[in-house]
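Structure data (PDB, C-alpha atoms, pLDDT in the B column) from target_7.pdb:
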ATOM      1  CA  MET A 939       1.850 -21.796   5.447  1.00 54.00           C
ATOM      2  CA  ILE A 940      -1.380 -21.112   3.607  1.00 74.00           C
ATOM      3  CA  SER A 941      -1.531 -22.853   0.206  1.00 84.00           C
ATOM      4  CA  PHE A 942      -2.013 -19.678  -1.870  1.00 90.00           C
ATOM      5  CA  ILE A 943       1.092 -18.005  -0.392  1.00 95.00           C
ATOM      6  CA  LYS A 944       4.355 -19.048  -2.039  1.00 95.00           C
ATOM      7  CA  TYR A 945       7.842 -18.234  -0.726  1.00 95.00           C
ATOM      8  CA  HIS A 946      10.947 -17.478  -2.814  1.00 95.00           C
ATOM      9  CA  PRO A 947      13.921 -17.952  -0.452  1.00 95.00           C
ATOM     10  CA  ARG A 948      16.647 -16.353  -2.615  1.00 96.00           C
ATOM     11  CA  SER A 949      14.866 -12.986  -2.648  1.00 96.00           C
ATOM     12  CA  ASN A 950      13.100 -13.430   0.725  1.00 96.00           C
ATOM     13  CA  THR A 951       9.809 -12.707  -1.053  1.00 97.00           C
ATOM     14  CA  TYR A 952       6.316 -14.041  -0.417  1.00 97.00           C
ATOM     15  CA  VAL A 953       3.865 -14.107  -3.342  1.00 97.00           C
ATOM     16  CA  ILE A 954       0.126 -14.181  -2.648  1.00 97.00           C
ATOM     17  CA  GLU A 955      -1.916 -15.556  -5.531  1.00 96.00           C
ATOM     18  CA  LYS A 956      -4.586 -13.387  -7.167  1.00 95.00           C
ATOM     19  CA  GLN A 957      -8.145 -13.409  -5.818  1.00 95.00           C
ATOM     20  CA  ALA A 958      -7.063 -14.917  -2.484  1.00 95.00           C
ATOM     21  CA  PHE A 959      -9.061 -14.180   0.666  1.00 94.00           C
ATOM     22  CA  LEU A 960      -7.518 -13.774   4.139  1.00 94.00           C
ATOM     23  CA  ASP A 961      -9.717 -13.294   7.205  1.00 93.00           C
ATOM     24  CA  GLU A 962      -6.955 -13.269   9.875  1.00 94.00           C
ATOM     25  CA  ASP A 963      -4.139 -10.836  10.705  1.00 96.00           C
ATOM     26  CA  LEU A 964      -1.142 -11.577   8.473  1.00 96.00           C
ATOM     27  CA  THR A 965       2.482 -10.863   9.437  1.00 96.00           C
ATOM     28  CA  LEU A 966       5.254 -11.779   6.997  1.00 96.00           C
ATOM     29  CA  ASP A 967       9.004 -11.396   7.550  1.00 97.00           C
ATOM     30  CA  GLY A 968      10.351 -10.304   4.159  1.00 97.00           C
ATOM     31  CA  ASN A 969       9.074  -8.752   0.940  1.00 98.00           C
ATOM     32  CA  VAL A 970       5.515  -9.389  -0.250  1.00 98.00           C
ATOM     33  CA  ILE A 971       3.949  -9.284  -3.710  1.00 98.00           C
ATOM     34  CA  VAL A 972       0.156  -9.407  -3.596  1.00 98.00           C
ATOM     35  CA  GLY A 973      -1.753 -10.544  -6.675  1.00 96.00           C
ATOM     36  CA  GLN A 974      -4.773  -8.805  -8.190  1.00 97.00           C
ATOM     37  CA  GLU A 975      -8.048  -8.546  -6.275  1.00 97.00           C
ATOM     38  CA  VAL A 976      -6.805 -10.110  -3.024  1.00 97.00           C
ATOM     39  CA  LYS A 977      -9.007  -9.398   0.013  1.00 97.00           C
ATOM     40  CA  PHE A 978      -7.592  -8.885   3.520  1.00 97.00           C
ATOM     41  CA  TRP A 979     -10.222  -8.534   6.230  1.00 96.00           C
ATOM     42  CA  LYS A 980      -7.733  -7.748   8.989  1.00 96.00           C
ATOM     43  CA  ASN A 981      -4.253  -6.210   9.386  1.00 98.00           C
ATOM     44  CA  LEU A 982      -1.247  -6.784   7.125  1.00 97.00           C
ATOM     45  CA  THR A 983       2.298  -6.362   8.489  1.00 98.00           C
ATOM     46  CA  VAL A 984       5.377  -6.744   6.284  1.00 98.00           C
ATOM     47  CA  THR A 985       9.000  -6.263   7.382  1.00 97.00           C
ATOM     48  CA  GLY A 986      10.190  -5.559   3.820  1.00 98.00           C
ATOM     49  CA  ARG A 987       8.700  -4.069   0.654  1.00 98.00           C
ATOM     50  CA  LEU A 988       4.990  -4.492  -0.063  1.00 98.00           C
ATOM     51  CA  GLU A 989       3.480  -4.463  -3.563  1.00 98.00           C
ATOM     52  CA  LEU A 990      -0.309  -4.461  -3.197  1.00 98.00           C
ATOM     53  CA  GLY A 991      -1.918  -5.754  -6.392  1.00 97.00           C
ATOM     54  CA  LYS A 992      -4.467  -4.041  -8.614  1.00 97.00           C
ATOM     55  CA  GLY A 993      -7.959  -3.992  -7.138  1.00 97.00           C
ATOM     56  CA  SER A 994      -6.905  -5.520  -3.801  1.00 98.00           C
ATOM     57  CA  VAL A 995      -8.667  -4.488  -0.575  1.00 98.00           C
ATOM     58  CA  VAL A 996      -7.279  -4.306   2.977  1.00 98.00           C
ATOM     59  CA  ARG A 997      -9.946  -3.674   5.616  1.00 97.00           C
ATOM     60  CA  GLY A 998      -7.420  -3.348   8.451  1.00 97.00           C
ATOM     61  CA  ASN A 999      -4.157  -1.463   8.895  1.00 98.00           C
ATOM     62  CA  VAL A1000      -0.966  -1.951   6.881  1.00 98.00           C
ATOM     63  CA  LYS A1001       2.649  -1.617   8.071  1.00 98.00           C
ATOM     64  CA  ALA A1002       5.670  -2.043   5.798  1.00 98.00           C
ATOM     65  CA  ARG A1003       9.211  -0.767   5.233  1.00 98.00           C
ATOM     66  CA  SER A1004       8.081   0.594   1.837  1.00 98.00           C
ATOM     67  CA  ALA A1005       4.950   0.096  -0.237  1.00 98.00           C
ATOM     68  CA  LEU A1006       3.617   0.295  -3.769  1.00 98.00           C
ATOM     69  CA  VAL A1007      -0.190   0.416  -3.861  1.00 98.00           C
ATOM     70  CA  CYS A1008      -1.335  -0.472  -7.377  1.00 97.00           C
ATOM     71  CA  SER A1009      -4.256   1.059  -9.231  1.00 97.00           C
ATOM     72  CA  LYS A1010      -7.769   0.731  -7.816  1.00 97.00           C
ATOM     73  CA  ALA A1011      -6.472  -0.884  -4.602  1.00 98.00           C
ATOM     74  CA  LYS A1012      -8.136   0.175  -1.329  1.00 98.00           C
ATOM     75  CA  ILE A1013      -6.827   0.369   2.218  1.00 98.00           C
ATOM     76  CA  LEU A1014      -9.776   1.057   4.504  1.00 97.00           C
ATOM     77  CA  GLY A1015      -7.536   1.392   7.563  1.00 97.00           C
ATOM     78  CA  ASN A1016      -4.208   3.199   7.930  1.00 97.00           C
ATOM     79  CA  ILE A1017      -0.945   2.547   6.121  1.00 98.00           C
ATOM     80  CA  GLU A1018       2.396   3.263   7.760  1.00 98.00           C
ATOM     81  CA  THR A1019       5.721   2.970   5.938  1.00 98.00           C
ATOM     82  CA  ILE A1020       9.313   3.766   6.867  1.00 97.00           C
ATOM     83  CA  SER A1021      11.104   4.655   3.626  1.00 95.00           C
ATOM     84  CA  GLU A1022       8.579   5.381   0.835  1.00 97.00           C
ATOM     85  CA  LEU A1023       4.971   5.044  -0.270  1.00 98.00           C
ATOM     86  CA  VAL A1024       3.783   5.118  -3.900  1.00 98.00           C
ATOM     87  CA  LEU A1025       0.089   5.198  -4.800  1.00 98.00           C
ATOM     88  CA  LEU A1026      -0.804   4.398  -8.409  1.00 97.00           C
ATOM     89  CA  ASP A1027      -3.870   5.644 -10.306  1.00 97.00           C
ATOM     90  CA  LYS A1028      -7.223   5.539  -8.469  1.00 97.00           C
ATOM     91  CA  ALA A1029      -5.920   3.977  -5.243  1.00 98.00           C
ATOM     92  CA  LYS A1030      -7.953   4.806  -2.109  1.00 98.00           C
ATOM     93  CA  ILE A1031      -6.540   5.098   1.412  1.00 97.00           C
ATOM     94  CA  SER A1032      -8.040   6.276   4.701  1.00 97.00           C
ATOM     95  CA  ALA A1033      -4.823   7.539   6.300  1.00 98.00           C
ATOM     96  CA  ALA A1034      -1.185   7.384   5.215  1.00 98.00           C
ATOM     97  CA  ALA A1035       1.907   8.020   7.329  1.00 97.00           C
ATOM     98  CA  CYS A1036       5.439   7.736   5.959  1.00 97.00           C
ATOM     99  CA  HIS A1037       8.843   8.563   7.434  1.00 97.00           C
ATOM    100  CA  GLY A1038      10.097   9.139   3.874  1.00 97.00           C
ATOM    101  CA  ASP A1039       8.510  10.378   0.648  1.00 97.00           C
ATOM    102  CA  ILE A1040       4.986   9.767  -0.666  1.00 98.00           C
ATOM    103  CA  ARG A1041       4.144   9.883  -4.382  1.00 97.00           C
ATOM    104  CA  VAL A1042       0.504  10.055  -5.465  1.00 97.00           C
ATOM    105  CA  ARG A1043      -0.753   9.464  -9.027  1.00 97.00           C
ATOM    106  CA  PRO A1044      -3.960  10.845 -10.629  1.00 97.00           C
ATOM    107  CA  GLY A1045      -7.347   9.726  -9.345  1.00 97.00           C
ATOM    108  CA  CYS A1046      -6.138   8.712  -5.879  1.00 98.00           C
ATOM    109  CA  VAL A1047      -8.206   9.504  -2.792  1.00 98.00           C
ATOM    110  CA  ILE A1048      -6.537   9.940   0.617  1.00 98.00           C
ATOM    111  CA  ASP A1049      -8.441  11.127   3.682  1.00 98.00           C
ATOM    112  CA  SER A1050      -5.355  12.080   5.713  1.00 97.00           C
ATOM    113  CA  VAL A1051      -1.633  12.114   4.923  1.00 97.00           C
ATOM    114  CA  LYS A1052       1.558  12.722   6.926  1.00 97.00           C
ATOM    115  CA  ALA A1053       5.024  12.545   5.351  1.00 97.00           C
ATOM    116  CA  ASP A1054       8.310  13.310   7.077  1.00 96.00           C
ATOM    117  CA  GLY A1055       9.802  13.689   3.598  1.00 96.00           C
ATOM    118  CA  THR A1056       7.933  15.076   0.587  1.00 97.00           C
ATOM    119  CA  LEU A1057       4.355  14.511  -0.554  1.00 97.00           C
ATOM    120  CA  GLU A1058       4.380  14.644  -4.370  1.00 97.00           C
ATOM    121  CA  ILE A1059       0.987  14.784  -6.088  1.00 97.00           C
ATOM    122  CA  VAL A1060       0.878  14.240  -9.853  1.00 96.00           C
ATOM    123  CA  GLY A1061      -2.289  15.262 -11.687  1.00 95.00           C
ATOM    124  CA  LYS A1062      -5.722  15.443 -10.091  1.00 96.00           C
ATOM    125  CA  ALA A1063      -5.877  13.578  -6.782  1.00 96.00           C
ATOM    126  CA  LEU A1064      -8.102  14.161  -3.760  1.00 97.00           C
ATOM    127  CA  VAL A1065      -6.220  14.654  -0.487  1.00 97.00           C
ATOM    128  CA  ARG A1066      -8.660  15.750   2.207  1.00 97.00           C
ATOM    129  CA  LYS A1067      -6.164  16.554   4.982  1.00 97.00           C
ATOM    130  CA  VAL A1068      -2.414  17.143   4.972  1.00 96.00           C
ATOM    131  CA  GLU A1069      -0.853  16.991   8.433  1.00 94.00           C
ATOM    132  CA  PRO A1070       1.333  19.936   9.543  1.00 92.00           C
ATOM    133  CA  LEU A1071       5.029  19.995   8.570  1.00 90.00           C
ATOM    134  CA  THR A1072       4.433  17.948   5.413  1.00 93.00           C
ATOM    135  CA  LYS A1073       6.204  19.428   2.370  1.00 95.00           C
ATOM    136  CA  VAL A1074       3.915  19.250  -0.683  1.00 96.00           C
ATOM    137  CA  ILE A1075       4.870  19.310  -4.383  1.00 95.00           C
ATOM    138  CA  ILE A1076       2.093  19.376  -6.992  1.00 95.00           C
ATOM    139  CA  ARG A1077       2.868  18.540 -10.639  1.00 94.00           C
ATOM    140  CA  ALA A1078       0.738  18.474 -13.764  1.00 93.00           C
ATOM    141  CA  GLU A1079       0.061  15.063 -15.267  1.00 84.00           C
ATOM    142  CA  GLU A1080       2.610  14.292 -17.992  1.00 71.00           C
TER     143      GLU A1080
END

Would you mind writing the structure in this file as structure tokens?
Amino acid sequence: MISFIKYHPRSNTYVIEKQAFLDEDLTLDGNVIVGQEVKFWKNLTVTGRLELGKGSVVRGNVKARSALVCSKAKILGNIETISELVLLDKAKISAAACHGDIRVRPGCVIDSVKADGTLEIVGKALVRKVEPLTKVIIRAEE
């Protein structure tokens, strides 16, 4: 295992230290917490829940059971989740697909989005394309 990835066996969770750099595809069986400003140059696949840290960048595609994309994080490829996807303030994503619900906070930018559940947009976010059959709810910022 790479030295900046720690494993917590009781919770089946991997923790990637902040400001790490990964230039190979990464597949982890379990939950993953990614520190701030981590750079992934290739794909990231997680069998459990993914928490992508503030300011992190993924240049490839992301697959996870569910995901929380923290503020100012970028996914330059696609993200695909099974149960839910939450994007915090100013996150940027090329394309998002979710078999459940997607929640988007203010300042987010998404080029294309497809949700089998509900797409909930809070405040001012830029969503360039919503795929057909996606139910959309727009709320004012509270």

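Taking all atoms listed in the file into account, A:Glu962 lies nearest to A:Leu982 out of the set A:Leu982, A:Ile1059, A:Ile943, A:Ala1034.
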
Point (0.0, -8.9, -5.4) neighbourhood (9 Å, all atoms listed in the file) written as a PyMOL selection string: chain A and resi 953-956+970-976+988-992+994+1008

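Nearest-residue note for A:Leu964: choosing from A:Gly1061, A:Pro1070, A:Gly1015, A:Gly998, the minimum distance belongs to A:Gly998, counting all atoms listed in the file.
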
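For the pair atom CA of A:Ile1020 and atom CA of A:Thr1056, the interatomic distance is 13.0 Å.
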
Within 9 Å of A:Gly986 using only C-alpha atoms, minus same-chain residues under 2 positions, as a PyMOL selection string: chain A and resi 950-951+966-970+984+988+1002-1005

Give the padded box for stretch 1064-1078 of chain A as JSON: axis-aligned, covering all atoms listed in the file, 5 Å on each side, centre and edge lengths in Å to one decimal.
{"center_x": -1.2, "center_y": 17.1, "center_z": -2.1, "size_x": 24.9, "size_y": 15.8, "size_z": 33.3}

Export stretch 952-999 of chain A from the structure block above, keeping N, CA and C atoms, as a CSV table (one decimal), in the first residue's frame.
chain,number,residue,atom,x,y,z
A,952,TYR,N,-10.4,3.9,4.0
A,952,TYR,CA,-9.1,4.3,3.7
A,952,TYR,C,-9.0,5.8,3.8
A,953,VAL,N,-7.9,6.3,4.3
A,953,VAL,CA,-7.8,7.8,4.4
A,953,VAL,C,-6.5,8.2,3.6
A,954,ILE,N,-6.7,9.1,2.7
A,954,ILE,CA,-5.6,9.6,1.9
A,954,ILE,C,-5.2,10.9,2.4
A,955,GLU,N,-3.9,11.1,2.7
A,955,GLU,CA,-3.4,12.3,3.4
A,955,GLU,C,-3.5,13.5,2.4
A,956,LYS,N,-3.6,14.7,3.0
A,956,LYS,CA,-3.8,15.9,2.2
A,956,LYS,C,-2.5,16.1,1.3
A,957,GLN,N,-2.7,16.8,0.2
A,957,GLN,CA,-1.7,17.1,-0.8
A,957,GLN,C,-1.0,15.9,-1.4
A,958,ALA,N,-1.6,14.8,-1.4
A,958,ALA,CA,-1.0,13.6,-2.0
A,958,ALA,C,-1.1,13.7,-3.5
A,959,PHE,N,-0.4,12.9,-4.2
A,959,PHE,CA,-0.4,12.9,-5.7
A,959,PHE,C,-0.4,11.5,-6.2
A,960,LEU,N,-1.4,11.1,-7.0
A,960,LEU,CA,-1.5,9.8,-7.5
A,960,LEU,C,-1.6,9.8,-9.0
A,961,ASP,N,-0.6,9.1,-9.7
A,961,ASP,CA,-0.6,9.2,-11.2
A,961,ASP,C,-1.0,7.9,-11.8
A,962,GLU,N,-1.6,6.9,-11.0
A,962,GLU,CA,-2.1,5.7,-11.6
A,962,GLU,C,-3.5,5.5,-11.2
A,963,ASP,N,-4.2,4.6,-11.9
A,963,ASP,CA,-5.6,4.3,-11.6
A,963,ASP,C,-5.6,3.8,-10.1
A,964,LEU,N,-6.6,4.2,-9.3
A,964,LEU,CA,-6.7,3.7,-8.0
A,964,LEU,C,-8.1,3.1,-7.7
A,965,THR,N,-8.1,1.8,-7.3
A,965,THR,CA,-9.3,1.1,-6.9
A,965,THR,C,-9.2,0.7,-5.5
A,966,LEU,N,-10.2,1.1,-4.6
A,966,LEU,CA,-10.2,0.7,-3.2
A,966,LEU,C,-11.5,0.1,-2.8
A,967,ASP,N,-11.4,-1.0,-2.1
A,967,ASP,CA,-12.6,-1.8,-1.7
A,967,ASP,C,-12.9,-1.4,-0.3
A,968,GLY,N,-13.9,-0.4,-0.2
A,968,GLY,CA,-14.3,0.1,1.1
A,968,GLY,C,-14.6,1.6,1.0
A,969,ASN,N,-14.7,2.3,2.1
A,969,ASN,CA,-15.0,3.7,2.1
A,969,ASN,C,-13.7,4.5,2.0
A,970,VAL,N,-13.7,5.7,1.4
A,970,VAL,CA,-12.5,6.5,1.2
A,970,VAL,C,-12.7,7.9,1.6
A,971,ILE,N,-11.8,8.5,2.5
A,971,ILE,CA,-11.8,9.9,2.8
A,971,ILE,C,-10.5,10.5,2.2
A,972,VAL,N,-10.7,11.5,1.3
A,972,VAL,CA,-9.6,12.1,0.6
A,972,VAL,C,-9.3,13.4,1.3
A,973,GLY,N,-8.1,13.7,1.6
A,973,GLY,CA,-7.7,14.9,2.3
A,973,GLY,C,-7.7,16.1,1.3
A,974,GLN,N,-7.4,17.3,1.8
A,974,GLN,CA,-7.5,18.5,1.0
A,974,GLN,C,-6.4,18.5,-0.1
A,975,GLU,N,-6.8,19.0,-1.3
A,975,GLU,CA,-5.8,19.3,-2.4
A,975,GLU,C,-5.0,18.0,-2.8
A,976,VAL,N,-5.7,16.9,-2.9
A,976,VAL,CA,-5.1,15.7,-3.4
A,976,VAL,C,-5.3,15.7,-4.9
A,977,LYS,N,-4.3,15.2,-5.6
A,977,LYS,CA,-4.4,15.2,-7.1
A,977,LYS,C,-4.4,13.8,-7.6
A,978,PHE,N,-5.4,13.4,-8.4
A,978,PHE,CA,-5.5,12.1,-9.1
A,978,PHE,C,-5.4,12.4,-10.6
A,979,TRP,N,-4.4,11.8,-11.2
A,979,TRP,CA,-4.3,12.0,-12.6
A,979,TRP,C,-5.0,11.0,-13.5
A,980,LYS,N,-5.5,9.9,-12.8
A,980,LYS,CA,-6.2,8.9,-13.6
A,980,LYS,C,-7.5,8.6,-12.9
A,981,ASN,N,-8.1,7.4,-13.0
A,981,ASN,CA,-9.4,7.1,-12.5
A,981,ASN,C,-9.4,6.7,-11.0
A,982,LEU,N,-10.5,6.9,-10.4
A,982,LEU,CA,-10.7,6.6,-9.0
A,982,LEU,C,-12.0,5.7,-8.8
A,983,THR,N,-11.8,4.5,-8.3
A,983,THR,CA,-13.0,3.6,-8.1
A,983,THR,C,-13.0,3.2,-6.7
A,984,VAL,N,-14.2,3.4,-6.1
A,984,VAL,CA,-14.4,3.1,-4.7
A,984,VAL,C,-15.7,2.2,-4.5
A,985,THR,N,-15.6,1.2,-3.8
A,985,THR,CA,-16.8,0.3,-3.6
A,985,THR,C,-17.8,0.8,-2.6
A,986,GLY,N,-17.3,1.7,-1.7
A,986,GLY,CA,-18.2,2.3,-0.6
A,986,GLY,C,-18.4,3.8,-0.9
A,987,ARG,N,-18.4,4.5,0.2
A,987,ARG,CA,-18.7,6.0,0.2
A,987,ARG,C,-17.4,6.7,0.0
A,988,LEU,N,-17.4,7.7,-0.9
A,988,LEU,CA,-16.3,8.6,-1.2
A,988,LEU,C,-16.5,10.0,-0.6
A,989,GLU,N,-15.5,10.5,0.1
A,989,GLU,CA,-15.5,11.9,0.5
A,989,GLU,C,-14.3,12.6,-0.1
A,990,LEU,N,-14.5,13.4,-1.2
A,990,LEU,CA,-13.4,14.0,-1.9
A,990,LEU,C,-13.1,15.3,-1.2
A,991,GLY,N,-11.9,15.5,-0.7
A,991,GLY,CA,-11.6,16.7,0.1
A,991,GLY,C,-11.6,18.0,-0.7
A,992,LYS,N,-11.6,19.1,0.1
A,992,LYS,CA,-11.6,20.4,-0.4
A,992,LYS,C,-10.4,20.7,-1.4
A,993,GLY,N,-10.7,21.2,-2.6
A,993,GLY,CA,-9.7,21.6,-3.5
A,993,GLY,C,-9.0,20.4,-4.2
A,994,SER,N,-9.5,19.2,-4.0
A,994,SER,CA,-8.9,18.0,-4.7
A,994,SER,C,-9.3,18.0,-6.2
A,995,VAL,N,-8.4,17.4,-7.0
A,995,VAL,CA,-8.7,17.3,-8.5
A,995,VAL,C,-8.6,15.9,-8.9
A,996,VAL,N,-9.6,15.4,-9.7
A,996,VAL,CA,-9.5,14.1,-10.3
A,996,VAL,C,-9.6,14.3,-11.8
A,997,ARG,N,-8.5,13.9,-12.5
A,997,ARG,CA,-8.5,14.1,-14.0
A,997,ARG,C,-9.2,13.0,-14.8
A,998,GLY,N,-9.4,11.9,-14.1
A,998,GLY,CA,-10.1,10.8,-14.8
A,998,GLY,C,-11.5,10.7,-14.3
A,999,ASN,N,-12.1,9.5,-14.4
A,999,ASN,CA,-13.4,9.2,-14.0
A,999,ASN,C,-13.5,8.7,-12.6
